[in-house]
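final_23.csv, holding CSV, C-alpha atoms:
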chain,number,residue,atom,x,y,z
A,1,MET,CA,129.3,94.4,102.1
A,2,GLU,CA,130.9,93.1,105.2
A,3,SER,CA,130.4,89.4,104.3
A,4,GLU,CA,132.4,89.5,101.0
A,5,LEU,CA,135.1,91.7,102.5
A,6,LYS,CA,136.0,88.9,104.9
A,7,ASP,CA,135.8,86.3,102.2
A,8,LEU,CA,137.7,88.0,99.4
A,9,ASN,CA,140.5,89.2,101.6
A,10,SER,CA,141.0,85.7,103.2
A,11,LYS,CA,144.4,84.2,102.7
A,12,PRO,CA,144.9,81.5,100.0
A,13,PRO,CA,146.5,78.2,100.9
A,14,ASN,CA,149.8,78.4,102.7
A,15,CYS,CA,153.1,77.5,101.1
A,16,ASN,CA,155.8,75.2,102.5
A,17,GLY,CA,154.1,75.0,105.9
A,18,ASN,CA,154.8,78.6,106.6
A,19,ALA,CA,151.8,80.2,108.2
A,20,ASN,CA,152.8,83.7,107.2
A,21,SER,CA,153.4,83.0,103.5
A,22,VAL,CA,150.8,83.1,100.8
A,23,CYS,CA,150.8,82.2,97.1
A,24,ASP,CA,149.3,85.3,95.5
A,25,ASP,CA,152.6,87.2,95.2
A,26,ARG,CA,153.3,86.7,91.5
A,27,PRO,CA,154.0,89.6,89.1
A,28,LEU,CA,150.8,91.0,87.6
A,29,LEU,CA,152.0,90.4,84.0
A,30,LYS,CA,153.0,86.8,84.7
A,31,PRO,CA,150.2,84.2,84.1
A,32,GLU,CA,149.4,81.4,86.4
A,33,PRO,CA,150.1,77.8,85.4
A,34,PRO,CA,146.9,76.4,83.8
A,35,ALA,CA,144.6,74.5,85.9
A,36,SER,CA,142.3,71.6,84.7
A,37,SER,CA,140.0,73.1,82.1
A,38,ASP,CA,137.4,70.5,82.8
A,39,SER,CA,137.4,71.4,86.5
A,40,ILE,CA,137.1,75.1,85.8
A,41,ALA,CA,134.3,74.6,83.2
A,42,GLU,CA,132.3,72.5,85.7
A,43,MET,CA,132.7,75.1,88.4
A,44,GLU,CA,131.8,78.0,86.1
A,45,LYS,CA,128.6,76.3,85.2
A,46,LYS,CA,127.6,75.7,88.8
A,47,PHE,CA,128.8,79.1,90.2
A,48,ALA,CA,127.9,81.2,87.1
A,49,ALA,CA,127.0,84.3,89.2
A,50,TYR,CA,130.6,84.7,90.3
A,51,VAL,CA,132.5,83.8,87.1
A,52,ARG,CA,134.7,86.5,85.5
A,53,ARG,CA,134.4,86.7,81.8
A,54,ASP,CA,136.8,89.5,81.0
A,55,VAL,CA,140.3,89.5,79.3
A,56,TYR,CA,142.0,88.9,82.7
A,57,GLY,CA,140.3,85.6,83.2
A,58,THR,CA,139.6,83.5,86.3
A,59,MET,CA,140.6,85.3,89.5
A,60,GLY,CA,142.3,87.9,87.3
A,61,ARG,CA,145.2,85.5,86.6
A,62,GLY,CA,144.5,84.5,83.0
A,63,GLU,CA,147.0,84.6,80.1
A,64,LEU,CA,147.0,88.2,78.7
A,65,PRO,CA,147.6,88.9,75.0
A,66,ALA,CA,150.7,90.9,74.1
A,67,LYS,CA,148.7,94.1,73.4
A,68,GLU,CA,147.0,93.9,76.8
A,69,LYS,CA,150.4,93.4,78.5
A,70,LEU,CA,151.7,96.5,76.9
A,71,LEU,CA,148.7,98.6,77.9
A,72,LEU,CA,148.8,97.3,81.5
A,73,GLY,CA,152.6,97.9,81.8
A,74,PHE,CA,152.2,101.4,80.5
A,75,ALA,CA,149.3,102.2,82.8
A,76,LEU,CA,151.2,100.7,85.8
A,77,VAL,CA,153.9,103.4,85.6
A,78,THR,CA,151.7,106.3,84.5
A,79,LEU,CA,148.0,106.2,85.1
A,80,LEU,CA,148.1,104.1,88.4
A,81,PRO,CA,150.3,106.4,90.5
A,82,ILE,CA,148.5,109.5,89.3
A,83,ARG,CA,145.1,108.1,90.2
A,84,VAL,CA,146.4,106.8,93.6
A,85,VAL,CA,147.7,110.2,94.5
A,86,LEU,CA,144.5,112.0,93.4
A,87,ALA,CA,142.3,109.5,95.2
A,88,VAL,CA,144.2,109.8,98.5
A,89,THR,CA,144.1,113.5,98.2
A,90,ILE,CA,140.3,113.5,97.8
A,91,LEU,CA,140.0,111.1,100.8
A,92,LEU,CA,142.2,113.3,103.0
A,93,PHE,CA,140.3,116.5,101.9
A,94,TYR,CA,136.9,115.0,102.8
A,95,TYR,CA,138.2,113.6,106.1
A,96,LEU,CA,139.3,117.2,107.0
A,97,ILE,CA,135.8,118.5,106.1
A,98,CYS,CA,134.2,115.9,108.3
A,99,ARG,CA,136.6,116.6,111.1
A,100,VAL,CA,135.9,120.3,111.1
A,101,CYS,CA,132.2,119.9,110.8
A,102,THR,CA,132.0,117.5,113.7
A,103,LEU,CA,134.2,119.6,116.1
A,104,PHE,CA,132.6,120.2,119.5
A,105,SER,CA,129.7,118.0,118.4
A,106,ALA,CA,128.8,114.7,120.2
A,107,PRO,CA,127.6,111.8,118.1
A,108,THR,CA,124.1,110.6,118.5
A,109,GLY,CA,122.9,107.0,119.2
A,110,GLU,CA,124.2,104.3,121.5
A,111,GLU,CA,127.9,103.5,121.8
A,112,GLU,CA,127.7,100.7,119.3
A,113,GLN,CA,125.7,102.7,116.8
A,114,GLU,CA,126.9,106.3,117.3
A,115,ASP,CA,126.8,108.6,114.2
A,116,TYR,CA,126.8,112.2,113.0
A,117,ALA,CA,124.1,111.6,110.4
A,118,HIS,CA,121.4,113.2,112.6
A,119,MET,CA,123.2,116.6,112.8
A,120,SER,CA,121.2,119.5,111.4
A,121,GLY,CA,121.9,122.9,110.0
A,122,LEU,CA,124.9,124.2,108.0
A,123,ARG,CA,127.3,121.6,109.1
A,124,ARG,CA,125.2,118.7,108.0
A,125,THR,CA,124.6,120.4,104.7
A,126,VAL,CA,128.3,120.8,104.1
A,127,ILE,CA,129.0,117.2,105.0
A,128,VAL,CA,126.3,115.9,102.6
A,129,SER,CA,127.0,118.3,99.7
A,130,CYS,CA,130.8,117.8,99.8
A,131,GLY,CA,130.4,114.1,100.3
A,132,ARG,CA,128.2,113.7,97.2
A,133,ALA,CA,130.4,116.0,95.1
A,134,LEU,CA,133.7,114.4,96.1
A,135,SER,CA,132.3,110.9,95.6
A,136,ARG,CA,131.5,111.8,92.1
A,137,VAL,CA,135.0,113.2,91.7
A,138,MET,CA,136.5,110.0,93.0
A,139,LEU,CA,134.5,108.0,90.4
A,140,PHE,CA,135.8,110.4,87.7
A,141,ILE,CA,139.4,109.7,88.9
A,142,PHE,CA,138.7,106.0,88.7
A,143,GLY,CA,137.7,106.4,85.0
A,144,PHE,CA,133.9,106.7,85.3
A,145,TYR,CA,133.9,110.0,83.3
A,146,TRP,CA,130.1,109.8,82.6
A,147,ILE,CA,127.4,107.7,84.2
A,148,PRO,CA,124.2,107.5,82.2
A,149,GLU,CA,121.1,107.2,84.3
A,150,SER,CA,117.7,106.2,83.0
A,151,ASN,CA,114.2,105.2,84.3
A,152,SER,CA,113.0,101.7,83.8
A,153,ALA,CA,110.4,100.9,81.1
A,154,SER,CA,107.7,100.7,83.7
A,155,GLN,CA,108.3,104.2,85.1
A,156,GLU,CA,105.3,105.7,83.4
A,157,ASP,CA,103.1,102.6,84.1
A,158,ARG,CA,103.3,102.7,87.8
A,159,SER,CA,101.5,105.4,89.8
A,160,GLN,CA,103.3,107.0,92.7
A,161,PRO,CA,100.7,107.6,95.5
A,162,GLU,CA,102.2,110.4,97.6
A,163,GLU,CA,100.0,109.6,100.5
A,164,LEU,CA,101.9,106.4,101.0
A,165,GLY,CA,105.1,108.3,101.8
A,166,ARG,CA,108.5,108.6,100.4
A,167,PRO,CA,110.9,105.7,100.0
A,168,SER,CA,113.0,105.3,103.2
A,169,VAL,CA,115.4,102.7,101.9
A,170,ILE,CA,117.3,102.2,98.6
A,171,ILE,CA,117.5,98.6,97.4
A,172,SER,CA,120.4,97.9,94.9
A,173,ASN,CA,122.1,94.9,93.3
A,174,HIS,CA,125.7,94.5,94.5
A,175,VAL,CA,128.5,94.2,92.0
A,176,SER,CA,131.5,96.1,93.4
A,177,TYR,CA,132.7,98.3,96.2
A,178,LEU,CA,132.3,101.1,93.6
A,179,ASP,CA,128.5,100.7,94.2
A,180,ILE,CA,129.0,102.5,97.5
A,181,LEU,CA,130.7,105.5,95.8
A,182,TYR,CA,127.9,105.9,93.3
A,183,HIS,CA,125.2,105.8,95.9
A,184,MET,CA,127.2,108.3,98.0
A,185,SER,CA,127.3,110.6,95.0
A,186,SER,CA,123.6,110.2,94.3
A,187,SER,CA,121.8,110.2,97.6
A,188,PHE,CA,124.5,110.0,100.4
A,189,PRO,CA,122.6,107.2,102.3
A,190,SER,CA,123.5,105.2,105.4
A,191,PHE,CA,125.0,101.7,104.8
A,192,VAL,CA,125.5,98.6,106.9
A,193,ALA,CA,129.2,98.0,107.8
A,194,LYS,CA,131.3,96.0,110.2
A,195,ARG,CA,131.9,97.6,113.6
A,196,SER,CA,135.6,97.6,112.9
A,197,VAL,CA,135.1,100.1,110.1
A,198,ALA,CA,134.2,102.8,112.7
A,199,LYS,CA,137.7,102.5,114.1
A,200,LEU,CA,139.6,102.7,110.8
A,201,PRO,CA,141.7,105.8,110.2
A,202,LEU,CA,140.0,108.4,108.0
A,203,ILE,CA,137.2,106.0,106.9
A,204,GLY,CA,135.9,105.6,110.5
A,205,LEU,CA,134.8,109.2,110.8
A,206,ILE,CA,133.4,109.3,107.3
A,207,SER,CA,131.3,106.2,108.0
A,208,LYS,CA,129.9,107.9,111.1
A,209,CYS,CA,129.0,111.0,109.1
A,210,LEU,CA,127.2,108.7,106.7
A,211,GLY,CA,125.3,107.2,109.6
A,212,CYS,CA,126.4,103.6,109.0
A,213,VAL,CA,124.7,100.9,110.9
A,214,TYR,CA,127.5,98.7,112.4
A,215,VAL,CA,127.4,95.0,112.7
A,216,GLN,CA,129.0,93.8,115.9
A,217,ARG,CA,129.0,90.0,115.5
A,218,GLU,CA,131.2,89.3,118.4
A,219,SER,CA,128.7,91.0,120.8
A,220,LYS,CA,126.5,88.4,122.5
A,221,SER,CA,125.1,90.7,125.3
A,222,SER,CA,121.4,90.8,125.7
A,223,ASP,CA,121.2,94.6,125.5
A,224,PHE,CA,122.7,94.7,122.0
A,225,LYS,CA,120.1,95.1,119.3
A,226,GLY,CA,120.4,92.9,116.3
A,227,VAL,CA,121.3,94.5,113.0
A,228,SER,CA,117.9,93.8,111.6
A,229,ALA,CA,116.2,95.6,114.4
A,230,VAL,CA,118.5,98.6,114.1
A,231,VAL,CA,118.0,98.7,110.3
A,232,THR,CA,114.2,98.5,110.7
A,233,ASP,CA,114.2,101.3,113.2
A,234,ARG,CA,116.3,103.5,110.8
A,235,ILE,CA,114.1,102.7,107.9
A,236,GLN,CA,111.0,103.6,109.9
A,237,GLU,CA,112.6,106.8,111.0
A,238,ALA,CA,113.4,107.8,107.5
A,239,HIS,CA,109.9,107.0,106.4
A,240,GLN,CA,108.4,109.2,109.1
A,241,ASN,CA,111.0,112.0,109.1
A,242,GLU,CA,112.2,113.5,105.8
A,243,SER,CA,115.2,115.0,107.5
A,244,ALA,CA,116.5,111.6,108.6
A,245,PRO,CA,119.1,109.9,106.4
A,246,LEU,CA,117.9,107.2,103.9
A,247,MET,CA,119.1,103.6,104.3
A,248,MET,CA,121.0,101.9,101.5
A,249,LEU,CA,120.9,98.1,101.5
A,250,PHE,CA,122.4,95.4,99.3
A,251,PRO,CA,119.9,92.5,100.1
A,252,GLU,CA,121.9,89.9,98.2
A,253,GLY,CA,124.5,90.0,100.9
A,254,THR,CA,127.5,89.7,98.6
A,255,THR,CA,128.7,90.8,95.1
A,256,THR,CA,128.2,89.0,91.8
A,257,ASN,CA,129.6,89.4,88.3
A,258,GLY,CA,126.8,91.8,87.5
A,259,GLU,CA,124.8,89.5,85.3
A,260,PHE,CA,122.8,87.7,88.1
A,261,LEU,CA,120.6,88.6,91.0
A,262,LEU,CA,120.9,86.5,94.1
A,263,PRO,CA,118.2,85.7,96.6
A,264,PHE,CA,117.3,88.8,98.8
A,265,LYS,CA,117.6,88.8,102.6
A,266,THR,CA,114.4,90.1,104.2
A,267,GLY,CA,116.0,92.6,106.7
A,268,GLY,CA,115.3,95.6,104.6
A,269,PHE,CA,111.7,94.7,104.1
A,270,LEU,CA,110.6,94.2,107.7
A,271,ALA,CA,109.8,97.9,108.2
A,272,LYS,CA,106.9,97.6,105.6
A,273,ALA,CA,108.0,100.9,104.1
A,274,PRO,CA,108.3,101.8,100.4
A,275,VAL,CA,111.6,101.0,98.7
A,276,LEU,CA,113.5,102.5,95.8
A,277,PRO,CA,115.1,99.8,93.6
A,278,VAL,CA,118.2,100.9,91.8
A,279,ILE,CA,120.1,98.7,89.3
A,280,LEU,CA,123.8,99.1,88.5
A,281,ARG,CA,125.3,97.7,85.4
A,282,TYR,CA,129.0,97.8,84.6
A,283,HIS,CA,129.9,97.5,80.9
A,284,TYR,CA,133.5,96.5,79.9
A,285,GLN,CA,135.6,95.4,77.0
A,286,ARG,CA,138.8,94.5,78.8
A,287,PHE,CA,138.6,94.5,82.6
A,288,SER,CA,135.3,94.0,84.5
A,289,PRO,CA,134.8,96.3,87.5
A,290,ALA,CA,132.8,93.5,89.2
A,291,TRP,CA,134.4,92.3,92.4
A,292,ASP,CA,133.5,88.6,92.3
A,293,SER,CA,136.4,86.1,92.3
A,294,ILE,CA,139.4,88.4,92.2
A,295,SER,CA,141.5,89.6,95.2
A,296,GLY,CA,141.0,93.1,96.3
A,297,VAL,CA,144.5,94.2,95.6
A,298,ARG,CA,144.5,92.9,92.0
A,299,HIS,CA,141.0,94.4,91.4
A,300,VAL,CA,142.1,97.9,92.5
A,301,ILE,CA,145.3,97.8,90.4
A,302,PHE,CA,143.6,96.6,87.3
A,303,LEU,CA,140.7,99.0,87.7
A,304,LEU,CA,143.0,102.0,88.1
A,305,CYS,CA,145.0,100.8,85.1
A,306,GLN,CA,142.0,100.9,82.8
A,307,PHE,CA,141.7,104.2,81.0
A,308,VAL,CA,137.9,104.3,80.9
A,309,ASN,CA,135.3,102.5,83.0
A,310,TYR,CA,131.6,102.3,82.3
A,311,MET,CA,128.7,102.3,84.7
A,312,GLU,CA,125.0,102.4,83.8
A,313,VAL,CA,122.2,103.2,86.4
A,314,ILE,CA,118.6,102.1,86.0
A,315,ARG,CA,116.1,103.6,88.4
A,316,VAL,CA,112.9,101.6,89.0
A,317,PRO,CA,109.8,103.4,90.3
A,318,VAL,CA,109.3,103.5,94.1
A,319,TYR,CA,107.7,100.1,95.1
A,320,HIS,CA,104.9,100.5,97.6
A,321,PRO,CA,104.1,97.1,99.3
A,322,SER,CA,100.6,95.7,99.3
A,323,GLN,CA,99.0,94.6,102.5
A,324,GLN,CA,99.9,91.0,101.7
A,325,GLU,CA,103.5,92.0,101.2
A,326,MET,CA,103.5,94.0,104.5
A,327,ASN,CA,102.4,90.8,106.3
A,328,ASP,CA,105.0,88.7,104.5
A,329,PRO,CA,108.5,90.3,104.2
A,330,LYS,CA,109.8,87.3,102.2
A,331,LEU,CA,107.0,87.8,99.6
A,332,TYR,CA,107.8,91.5,99.5
A,333,ALA,CA,111.5,90.9,99.0
A,334,ASN,CA,110.9,88.3,96.3
A,335,ASN,CA,108.6,90.5,94.4
A,336,VAL,CA,111.0,93.4,94.4
A,337,ARG,CA,113.8,91.0,93.3
A,338,ARG,CA,111.8,89.8,90.4
A,339,LEU,CA,110.9,93.3,89.3
A,340,MET,CA,114.6,94.4,89.4
A,341,ALA,CA,115.6,91.3,87.4
A,342,THR,CA,113.1,92.1,84.8
A,343,GLU,CA,113.9,95.8,84.5
A,344,GLY,CA,117.7,95.3,84.6
A,345,ASN,CA,117.7,92.2,82.4
A,346,LEU,CA,119.4,90.2,85.2
A,347,ILE,CA,119.3,86.4,85.6
A,348,LEU,CA,117.8,85.1,88.8
A,349,SER,CA,120.1,82.7,90.7
A,350,ASP,CA,119.5,80.5,93.7
A,351,ILE,CA,123.0,80.4,95.1
A,352,GLY,CA,124.4,82.7,97.8
A,353,LEU,CA,127.4,83.6,99.9
A,354,ALA,CA,128.0,80.0,101.0
A,355,GLU,CA,128.4,78.8,97.4
A,356,LYS,CA,130.6,81.8,96.7
A,357,ARG,CA,133.0,80.7,99.5
A,358,ILE,CA,133.0,77.2,98.1
A,359,TYR,CA,133.9,78.5,94.6
A,360,HIS,CA,136.7,80.7,96.0
A,361,ALA,CA,138.1,77.9,98.0
A,362,ALA,CA,138.0,75.6,94.9
A,363,LEU,CA,139.7,78.2,92.7
A,364,ASN,CA,142.4,78.8,95.3
A,365,GLY,CA,143.0,75.1,95.3
A,366,LEU,CA,143.4,75.0,91.6
A,367,PHE,CA,145.8,77.9,91.5
A,368,SER,CA,147.8,77.1,94.6
A,369,GLN,CA,151.0,75.9,92.9
A,370,CYS,CA,153.9,77.8,94.2

Mind turning this structure into C-alpha cells?
Amino acid sequence: MESELKDLNSKPPNCNGNANSVCDDRPLLKPEPPASSDSIAEMEKKFAAYVRRDVYGTMGRGELPAKEKLLLGFALVTLLPIRVVLAVTILLFYYLICRVCTLFSAPTGEEEQEDYAHMSGLRRTVIVSCGRALSRVMLFIFGFYWIPESNSASQEDRSQPEELGRPSVIISNHVSYLDILYHMSSSFPSFVAKRSVAKLPLIGLISKCLGCVYVQRESKSSDFKGVSAVVTDRIQEAHQNESAPLMMLFPEGTTTNGEFLLPFKTGGFLAKAPVLPVILRYHYQRFSPAWDSISGVRHVIFLLCQFVNYMEVIRVPVYHPSQQEMNDPKLYANNVRRLMATEGNLILSDIGLAEKRIYHAALNGLFSQC
C-alpha cells in the first residue's frame, strides 16, 4: 500500500507562490467550482478504475443535495467525535498489549526487517488473538456492523490436494486501507510497508508484531535484500512451516474504486507456492469506502460520518500452480488475476499506478482554483 500512500497524500498545486500553502482547505460542506465537464468525462473514460461514482463526486468535492448536507453536518458533530475517540482508545489498548507481550524480547531478523511475528508461546497467541478481535471491533466502530463472507461458485468444483501444502500467501484486490483491517481480523498476516512505518508512534510496534516486510527504497547498499527476495523467503517459510505467519499481498500495487482489477505484479508468485485469493467488495448508497481519487483526510471524515458501511468478502479456493505456472510467474499471476475477476465480477483493466498519478495530477489541476 506504500505506493498510493505517497501519491494520495501529495500536496496539490501551490497557491500564490507560497510553498507552504495548499488549496484543499475548503469547508467540507462547500462545493468546489465546477470544472470543465468535457474534460472530466474524457478523463473518467480513460481512467475508469479510479473514478468515484458516489454522492460526493469527483475527489469527494461534488455538489451535495440538501438532505446529504444535513446528514453530514449532523454526523460531524455527533458520530465523528465518538468514533474517533473509540478508535484511538482501541489503538492505544492494542499498543499496550503489544508492548507488554514484547517486553524483554528481542526482535528477530536483520535490522532492516526486524519483527516480533516469529515469537512463540502464550505471548504470540495473545498478540494474534487480541489483534484479530480488536481489528474486528475497529471495523465495527467504523460502521461495518456485519461482514458477509461467502465461497466462490467454483469452491466445490476445485479439489484441494493436501499433499501440495497449505497456502502461504493471501492475494487480495486492493480498494481501501480498510482492507488491511479486515485481513488483520481474519488471518492476521504480514504485509508489505514502507520502512518509515516501523518508526511511527504506536503503529510501528504493531507493524513489527504483524511481521511486516519493510521497503527501504533509499537503501542502495549491496547487502540489502530487495523486497521481492524478502517476500519470497517469507512465503517459502510459511509454506514449509505452519507456525510461520502468512504473507498478505495486494499485487495490483495501488487501490481502485473496487469495480476493476489492475495488472498483477509477480513478486508474490515467485515462490511457486499455493495462494489464497480473497476478493473484497464495498457496497454503498452514499459514500464509497474506496480510496481512489480522494484525499486521505476527506476519506476518513466522510467514512466516519456514514452511519453504516458495507463490505462483502468472497473467498476463492486455494490456487495450486501447475508446473508451467511455477516456471512462469507472470503466467501464474495472470491466471490468478483472471480467476479473481471472474469470481468477483470485476473488470480487467490495463492501467496502473503511473496512470493513477496522471489522473490525480489532472484532477488537481482542474480543481486548483483558490

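Residue nearest Thr125 of chain A, chosen from A:Phe144, A:Cys209, A:Gly253, A:Ala75 and counting all atoms listed in the file: A:Cys209.
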
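Coordinates place atom CA of Gly60 of chain A at a distance of 17.7 Å from atom CA of Glu259 of chain A.
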
Exercise. Do a neighbour search on segment 282-299 of chain A at 6 Å with only C-alpha atoms, toss out local chain neighbours closer than 4 positions, and write the hits as an MDAnalysis selection string.
Key: chainID A and resid 8 50 54:55 59:60 175:176 255:257 303 310:311

Exercise. Name all residues at most 8 Å from segment 119-123 of chain A (count only C-alpha atoms; drop same-chain ones fewer than 4 positions away) and give them as a PyMOL selection string.
Key: chain A and resi 101-102+127

Practice problem: Enter the distance from atom CA of Pro321 of chain A to atom CA of Ala49 of chain A, in Å, rounded to one decimal. | Solution: 28.1 Å

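For the pair atom CA of Ser228 of chain A and atom CA of Leu270 of chain A, the separation is 8.3 Å.
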
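Restricting the calculation to all atoms listed in the file, the smallest distance between Thr232 of chain A and any of A:Cys130, A:Val213, A:Leu181, A:Val100 is found for A:Val213.
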
List the spatial neighbours of Cys98 of chain A as a compact mmCIF listing (two decimals) with C-alpha atoms, keeping the file's coordinate frame - criterion: any atom at most 10 Å away, all atoms listed in the file, same-chain residues fewer than 3 positions off excluded.
# COMPACT_ATOMS: atom_id res chain seq x y z
CA LEU A 92 142.20 113.30 103.00
CA PHE A 93 140.30 116.50 101.90
CA TYR A 94 136.90 115.00 102.80
CA TYR A 95 138.20 113.60 106.10
CA CYS A 101 132.20 119.90 110.80
CA THR A 102 132.00 117.50 113.70
CA LEU A 103 134.20 119.60 116.10
CA TYR A 116 126.80 112.20 113.00
CA ARG A 123 127.30 121.60 109.10
CA ARG A 124 125.20 118.70 108.00
CA VAL A 126 128.30 120.80 104.10
CA ILE A 127 129.00 117.20 105.00
CA VAL A 128 126.30 115.90 102.60
CA CYS A 130 130.80 117.80 99.80
CA GLY A 131 130.40 114.10 100.30
CA LEU A 202 140.00 108.40 108.00
CA LEU A 205 134.80 109.20 110.80
CA ILE A 206 133.40 109.30 107.30
CA LYS A 208 129.90 107.90 111.10
CA CYS A 209 129.00 111.00 109.10

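For the choices A:Gly204, A:Gly268, A:Pro148, A:Pro277, the atom-to-atom distance to Val313 of chain A is smallest for A:Pro148 when using all atoms listed in the file.
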
Extract segment 328-345 of chain A from the preceding block and save N, CA, C and O atoms as a compact mmCIF listing (two decimals), in the first residue's frame.
# COMPACT_ATOMS: atom_id res chain seq x y z
N ASP A 328 6.79 -19.94 -14.87
CA ASP A 328 6.49 -18.63 -15.44
C ASP A 328 5.63 -17.84 -14.46
O ASP A 328 4.40 -17.90 -14.50
N PRO A 329 6.26 -17.08 -13.53
CA PRO A 329 5.49 -16.30 -12.53
C PRO A 329 4.48 -15.34 -13.15
O PRO A 329 3.42 -15.10 -12.57
N LYS A 330 4.79 -14.79 -14.32
CA LYS A 330 3.87 -13.86 -14.96
C LYS A 330 2.59 -14.58 -15.39
O LYS A 330 1.48 -14.07 -15.21
N LEU A 331 2.74 -15.79 -15.92
CA LEU A 331 1.57 -16.60 -16.29
C LEU A 331 0.77 -16.95 -15.05
O LEU A 331 -0.47 -16.89 -15.06
N TYR A 332 1.46 -17.33 -13.98
CA TYR A 332 0.81 -17.66 -12.71
C TYR A 332 -0.01 -16.48 -12.21
O TYR A 332 -1.20 -16.61 -11.86
N ALA A 333 0.59 -15.29 -12.20
CA ALA A 333 -0.09 -14.09 -11.72
C ALA A 333 -1.30 -13.75 -12.60
O ALA A 333 -2.38 -13.41 -12.10
N ASN A 334 -1.14 -13.85 -13.91
CA ASN A 334 -2.24 -13.53 -14.82
C ASN A 334 -3.41 -14.50 -14.67
O ASN A 334 -4.58 -14.10 -14.75
N ASN A 335 -3.12 -15.78 -14.47
CA ASN A 335 -4.19 -16.77 -14.32
C ASN A 335 -4.97 -16.55 -13.02
O ASN A 335 -6.20 -16.68 -12.99
N VAL A 336 -4.27 -16.22 -11.94
CA VAL A 336 -4.95 -15.93 -10.67
C VAL A 336 -5.78 -14.67 -10.81
O VAL A 336 -6.91 -14.58 -10.32
N ARG A 337 -5.25 -13.68 -11.51
CA ARG A 337 -5.98 -12.43 -11.73
C ARG A 337 -7.27 -12.66 -12.50
O ARG A 337 -8.33 -12.14 -12.14
N ARG A 338 -7.19 -13.44 -13.56
CA ARG A 338 -8.40 -13.71 -14.35
C ARG A 338 -9.43 -14.48 -13.54
O ARG A 338 -10.64 -14.23 -13.65
N LEU A 339 -8.96 -15.42 -12.72
CA LEU A 339 -9.89 -16.18 -11.86
C LEU A 339 -10.59 -15.25 -10.87
O LEU A 339 -11.81 -15.33 -10.69
N MET A 340 -9.84 -14.35 -10.24
CA MET A 340 -10.44 -13.42 -9.29
C MET A 340 -11.42 -12.48 -9.97
O MET A 340 -12.48 -12.17 -9.40
N ALA A 341 -11.09 -12.03 -11.16
CA ALA A 341 -12.00 -11.14 -11.89
C ALA A 341 -13.31 -11.85 -12.20
O ALA A 341 -14.40 -11.27 -12.09
N THR A 342 -13.22 -13.12 -12.58
CA THR A 342 -14.42 -13.89 -12.90
C THR A 342 -15.27 -14.13 -11.66
O THR A 342 -16.49 -13.91 -11.66
N GLU A 343 -14.64 -14.56 -10.57
CA GLU A 343 -15.37 -14.90 -9.36
C GLU A 343 -15.92 -13.66 -8.65
O GLU A 343 -16.96 -13.72 -8.00
N GLY A 344 -15.23 -12.54 -8.77
CA GLY A 344 -15.66 -11.32 -8.09
C GLY A 344 -16.42 -10.37 -8.98
O GLY A 344 -16.77 -9.27 -8.54
N ASN A 345 -16.67 -10.77 -10.23
CA ASN A 345 -17.38 -9.91 -11.19
C ASN A 345 -16.68 -8.56 -11.32
O ASN A 345 -17.31 -7.49 -11.28
